[in-house]
Amino acid sequence: MTSQQVHQRKNSMTRYLTLAVCQTGPVQRTASRVETVGRLVHLLERAAAAGAELAVFPEMALTTFFPRWDLDDDSEIEAFYEQAMPGPTTRPLFDAARRLSIGFALGYSEISFEEGRKRRFNTMDLVGPDGGLVGRYRKMHIPGGETPRNGTTTHLERRYFEPGNLGFPVFPFGSVRVGLALCNDRRWPETYRMLCLNGAQVVLLGYNTPAALKEAPSLDHLRMFHNHLPMQAGAYQNTIWIAAAAKAGVEDGQAMLGGSCIIAPTGEIAALAISVDDEVVVHRADLDLITTCQRVNFDFAQYRRPAEYRLIAEQAGPVF
Ligand code: CDT
């Protein structure tokens, strides 16, 4: 048998991918990148020791969630961004991936120079077990506003980031097809359906979610429910595995939601974080469950009616 045939045979037998969610506790503004990357390397080591092949870190895993602040000074703002990935301070994470032979997805704030101008994106990179870049996603659904609004929790992502311009790509990770998503993306069904139609079997997601919002205190008790509900529905309705990592705990005075989890294509939570601190959650994902779930109800090619769904692509909101 040639090595290519061995590789193909191995791929055709692959039915499991062991996933790790590397939730972090807060990353305070005073923390240095070196210190934070050290925490991430330690989490990756724990994930690899537990047998994980692919790990996901939170959105903006390298810094505090700075869109909670009204900042104007460009040099102050740009200190939260990466101009290169890997850069000198993030390189140890890529080296660790290679040493441990584990892939990872990392959320971070990206500055890039494109179309003759400086651009800022809320980004997640997928890195292979050789420490090389596999693919990049830039957050599509940017919530909040550009200026603070009275009576609401300050959330200025739209001041600090442009909406993503890379679509909803799906990347090969060995023989598994992996899509990426960031925080508010998880609340929109379009995210999962686009990734599903692009062939995703596994979706890795990172988030920073305030545990309470000033605009609707009466919904505070539902924050965790509204965290899991769309991801469970997204996994079930699109027959995908989802691994979602929070940056949790009290970060620079603001309580952030935990609840990091791994969700099966059945919609069940297969593994769940119990802390709001650095924590690794691992699950051996059965990829055959995807076809089982498709067989039960979701033979997309046979039953979907794309011609009847035109409005979804043409119209943003309801017209009365
Ligand atoms: N980071 C992020 O997208 N957070 C949002 C909070 C929105 S509150 C205005 C989320 O959907 O969790």
# chains A, B, ... in the order shown; residues from 1 in each chain; ligands from 1

call {"tool": "residues_near_ligand", "arguments": {"ligand": "ligand 1", "cutoff": "8 Å", "atoms": "only C-alpha atoms and all ligand atoms", "output": "ChimeraX atom specification"}}
result
/A:59,65,141-144,153-155,157,182-187,207-210,213,227

call {"tool": "closest_atom_pairs", "arguments": {"of": "range 220-312 of chain A", "to": "range 19-28 of chain A", "cutoff": "6 Å", "atoms": "only C-alpha atoms", "output": "CSV"}}
result
residue,atom,partner,partner_atom,distance
A:Ala245,CA,A:Gln23,CA,4.9
A:Ala246,CA,A:Gln23,CA,5.2
A:Lys247,CA,A:Thr24,CA,4.9
A:Ala248,CA,A:Gly25,CA,4.8
A:Gly249,CA,A:Pro26,CA,5.4
A:Glu251,CA,A:Pro26,CA,4.7
A:Asp252,CA,A:Gln28,CA,5.6
A:Val276,CA,A:Gly25,CA,5.6
A:Asp277,CA,A:Gly25,CA,3.6
A:Asp278,CA,A:Thr24,CA,4.0
A:Glu279,CA,A:Gln23,CA,5.3
A:Val280,CA,A:Cys22,CA,4.8
A:Val281,CA,A:Val21,CA,5.1
A:Val282,CA,A:Ala20,CA,4.4
A:His283,CA,A:Leu19,CA,5.5

call {"tool": "closest_residue", "arguments": {"among": "A:Pro189, A:Pro172, A:Pro230, A:Gly259", "to": "Val202 in chain A", "atoms": "only C-alpha atoms"}}
result
A:Pro172

call {"tool": "closest_residue", "arguments": {"among": "A:Pro217, A:Gly51, A:Gly116, A:Pro86", "to": "Ser101 in chain A", "atoms": "only C-alpha atoms"}}
result
A:Gly51

call {"tool": "closest_residue", "arguments": {"among": "A:Met140, A:Leu71, A:Leu44, A:Ala216", "to": "Thr191 in chain A", "atoms": "only C-alpha atoms"}}
result
A:Met140

call {"tool": "select_by_dssp", "arguments": {"residues": "range 16-173 of chain A", "states": "strand (DSSP E or B)", "output": "number ranges by chain"}}
result
A: 16-24, 54-56, 82, 103-114, 117-127, 133-138, 170-173

call {"tool": "write_last_selection", "arguments": {"atoms": "N, CA and C atoms", "output": "CSV table (one decimal), in the first residue's frame"}}
result
chain,number,residue,atom,x,y,z
A,16,TYR,N,-14.0,9.8,14.8
A,16,TYR,CA,-14.0,10.6,16.0
A,16,TYR,C,-13.0,11.8,15.9
A,17,LEU,N,-13.4,12.9,16.5
A,17,LEU,CA,-12.4,14.0,16.7
A,17,LEU,C,-12.5,14.4,18.1
A,18,THR,N,-11.5,14.3,18.9
A,18,THR,CA,-11.5,14.7,20.3
A,18,THR,C,-11.3,16.3,20.4
A,19,LEU,N,-12.4,16.9,20.9
A,19,LEU,CA,-12.4,18.4,20.9
A,19,LEU,C,-12.2,18.8,22.3
A,20,ALA,N,-11.5,20.0,22.5
A,20,ALA,CA,-11.3,20.6,23.8
A,20,ALA,C,-11.8,22.1,23.7
A,21,VAL,N,-12.5,22.5,24.7
A,21,VAL,CA,-12.9,23.9,24.9
A,21,VAL,C,-12.0,24.4,26.0
A,22,CYS,N,-11.2,25.4,25.6
A,22,CYS,CA,-10.3,26.0,26.6
A,22,CYS,C,-10.9,27.3,27.0
A,23,GLN,N,-11.8,27.2,28.0
A,23,GLN,CA,-12.4,28.5,28.6
A,23,GLN,C,-11.3,29.2,29.4
A,24,THR,N,-11.3,30.5,29.3
A,24,THR,CA,-10.4,31.2,30.3
A,24,THR,C,-11.3,32.0,31.2
A,54,LEU,N,-8.1,18.9,18.9
A,54,LEU,CA,-8.4,20.3,18.4
A,54,LEU,C,-9.0,21.1,19.6
A,55,ALA,N,-8.5,22.2,19.8
A,55,ALA,CA,-8.9,23.0,21.0
A,55,ALA,C,-9.4,24.4,20.5
A,56,VAL,N,-10.4,25.0,21.2
A,56,VAL,CA,-10.8,26.3,20.9
A,56,VAL,C,-10.7,27.3,22.1
A,82,GLU,N,-3.4,42.7,17.3
A,82,GLU,CA,-2.2,42.1,16.8
A,82,GLU,C,-2.0,42.5,15.4
A,103,GLY,N,-4.2,20.9,17.2
A,103,GLY,CA,-4.7,22.1,16.6
A,103,GLY,C,-5.4,23.0,17.5
A,104,PHE,N,-5.6,24.3,17.2
A,104,PHE,CA,-6.4,25.2,18.0
A,104,PHE,C,-7.0,26.3,17.2
A,105,ALA,N,-8.0,26.9,17.7
A,105,ALA,CA,-8.6,28.2,17.2
A,105,ALA,C,-8.5,29.3,18.2
A,106,LEU,N,-8.0,30.4,17.8
A,106,LEU,CA,-7.7,31.5,18.7
A,106,LEU,C,-8.4,32.8,18.2
A,107,GLY,N,-9.2,33.4,19.1
A,107,GLY,CA,-9.8,34.7,18.8
A,107,GLY,C,-8.9,35.8,19.3
A,108,TYR,N,-8.8,36.8,18.4
A,108,TYR,CA,-8.0,38.0,18.7
A,108,TYR,C,-8.4,39.2,17.9
A,109,SER,N,-7.9,40.4,18.3
A,109,SER,CA,-8.2,41.6,17.5
A,109,SER,C,-7.1,41.8,16.5
A,110,GLU,N,-7.5,41.9,15.3
A,110,GLU,CA,-6.5,41.9,14.2
A,110,GLU,C,-6.5,43.3,13.5
A,111,ILE,N,-5.3,43.8,13.3
A,111,ILE,CA,-5.1,45.0,12.4
A,111,ILE,C,-4.5,44.4,11.1
A,112,SER,N,-5.1,44.8,10.0
A,112,SER,CA,-4.5,44.4,8.7
A,112,SER,C,-4.4,45.6,7.8
A,113,PHE,N,-3.5,45.6,6.8
A,113,PHE,CA,-3.4,46.6,5.9
A,113,PHE,C,-3.9,46.1,4.5
A,114,GLU,N,-5.1,46.5,4.2
A,114,GLU,CA,-5.7,45.9,2.9
A,114,GLU,C,-6.4,47.1,2.2
A,117,ARG,N,-5.5,50.7,3.1
A,117,ARG,CA,-5.8,51.3,4.4
A,117,ARG,C,-5.7,50.3,5.6
A,118,LYS,N,-5.6,50.9,6.8
A,118,LYS,CA,-5.5,50.1,7.9
A,118,LYS,C,-7.0,49.6,8.3
A,119,ARG,N,-7.1,48.3,8.6
A,119,ARG,CA,-8.4,47.8,8.9
A,119,ARG,C,-8.4,47.0,10.2
A,120,ARG,N,-9.5,47.0,10.9
A,120,ARG,CA,-9.5,46.3,12.2
A,120,ARG,C,-10.7,45.3,12.2
A,121,PHE,N,-10.3,44.1,12.5
A,121,PHE,CA,-11.3,43.0,12.5
A,121,PHE,C,-11.2,42.2,13.8
A,122,ASN,N,-12.4,41.6,14.1
A,122,ASN,CA,-12.5,40.7,15.3
A,122,ASN,C,-12.3,39.3,14.7
A,123,THR,N,-11.2,38.7,14.9
A,123,THR,CA,-10.7,37.6,14.1
A,123,THR,C,-10.6,36.3,14.9
A,124,MET,N,-10.7,35.1,14.2
A,124,MET,CA,-10.3,33.8,14.8
A,124,MET,C,-9.5,33.1,13.7
A,125,ASP,N,-8.3,32.6,14.2
A,125,ASP,CA,-7.5,31.8,13.3
A,125,ASP,C,-7.6,30.3,13.7
A,126,LEU,N,-7.6,29.4,12.7
A,126,LEU,CA,-7.5,28.0,12.9
A,126,LEU,C,-6.0,27.6,12.6
A,127,VAL,N,-5.4,26.9,13.5
A,127,VAL,CA,-4.0,26.5,13.4
A,127,VAL,C,-3.9,25.0,13.5
A,133,LEU,N,-0.8,28.0,10.0
A,133,LEU,CA,-2.1,28.6,9.9
A,133,LEU,C,-2.9,27.8,8.9
A,134,VAL,N,-4.2,27.4,9.3
A,134,VAL,CA,-5.0,26.6,8.4
A,134,VAL,C,-6.0,27.6,7.7
A,135,GLY,N,-6.6,28.5,8.5
A,135,GLY,CA,-7.5,29.4,7.9
A,135,GLY,C,-7.9,30.5,8.9
A,136,ARG,N,-8.6,31.5,8.3
A,136,ARG,CA,-8.9,32.7,9.1
A,136,ARG,C,-10.4,33.1,8.9
A,137,TYR,N,-11.0,33.5,10.0
A,137,TYR,CA,-12.4,34.0,9.9
A,137,TYR,C,-12.5,35.3,10.6
A,138,ARG,N,-13.3,36.2,10.0
A,138,ARG,CA,-13.5,37.6,10.6
A,138,ARG,C,-14.9,37.7,11.0
A,170,VAL,N,-15.0,27.3,5.5
A,170,VAL,CA,-14.9,26.0,6.2
A,170,VAL,C,-13.5,25.4,5.7
A,171,PHE,N,-12.8,25.0,6.7
A,171,PHE,CA,-11.4,24.5,6.4
A,171,PHE,C,-11.2,23.1,6.7
A,172,PRO,N,-10.3,22.4,6.0
A,172,PRO,CA,-10.0,21.0,6.3
A,172,PRO,C,-9.1,20.9,7.5
A,173,PHE,N,-9.5,20.1,8.4
A,173,PHE,CA,-8.6,19.8,9.6
A,173,PHE,C,-8.4,18.3,9.6

call {"tool": "atom_distance", "arguments": {"atom1": "CA of Glu268 in chain A", "atom2": "CA of Pro129 in chain A"}}
result
27.9 Å

call {"tool": "closest_residue", "arguments": {"among": "A:Gly317, A:Gly234, A:Gly128, A:Gly174", "to": "Leu195 in chain A", "atoms": "only C-alpha atoms"}}
result
A:Gly234

call {"tool": "closest_residue", "arguments": {"among": "A:Pro67, A:Pro88, A:Arg46, A:Asp74", "to": "Val34 in chain A", "atoms": "only C-alpha atoms"}}
result
A:Pro88

call {"tool": "closest_residue", "arguments": {"among": "A:Gly164, A:Pro265, A:Gly179, A:Gly253", "to": "Tyr236 in chain A", "atoms": "only C-alpha atoms"}}
result
A:Pro265

call {"tool": "residues_around", "arguments": {"residues": "Leu100 in chain A", "least_positions_apart": "3", "cutoff": "7 Å", "atoms": "only C-alpha atoms", "output": "compact mmCIF listing (two decimals) with all heavy atoms, in the first residue's frame"}}
result
# COMPACT_ATOMS: atom_id res chain seq x y z
N ALA A 48 -4.21 18.70 25.48
CA ALA A 48 -3.48 17.62 24.80
C ALA A 48 -3.32 16.42 25.73
O ALA A 48 -3.46 15.27 25.30
CB ALA A 48 -2.11 18.13 24.34
N ALA A 96 3.81 25.46 20.94
CA ALA A 96 3.19 24.45 21.82
C ALA A 96 2.31 23.52 20.99
O ALA A 96 2.29 22.30 21.22
CB ALA A 96 2.39 25.13 22.93
N ALA A 97 1.57 24.08 20.04
CA ALA A 97 0.70 23.25 19.20
C ALA A 97 1.53 22.19 18.48
O ALA A 97 1.17 21.00 18.45
CB ALA A 97 -0.05 24.12 18.19

call {"tool": "atom_distance", "arguments": {"atom1": "CA of Leu93 in chain A", "atom2": "CA of Arg29 in chain A"}}
result
20.2 Å

call {"tool": "atom_distance", "arguments": {"atom1": "CA of Gly38 in chain A", "atom2": "CA of Ala52 in chain A"}}
result
18.8 Å

call {"tool": "select_by_dssp", "arguments": {"residues": "range 133-320 of chain A", "states": "helix (DSSP H, G or I)", "output": "PyMOL selection string"}}
result
chain A and resi 157-160+183-187+189-197+217-238+288-296+300-303+306-314
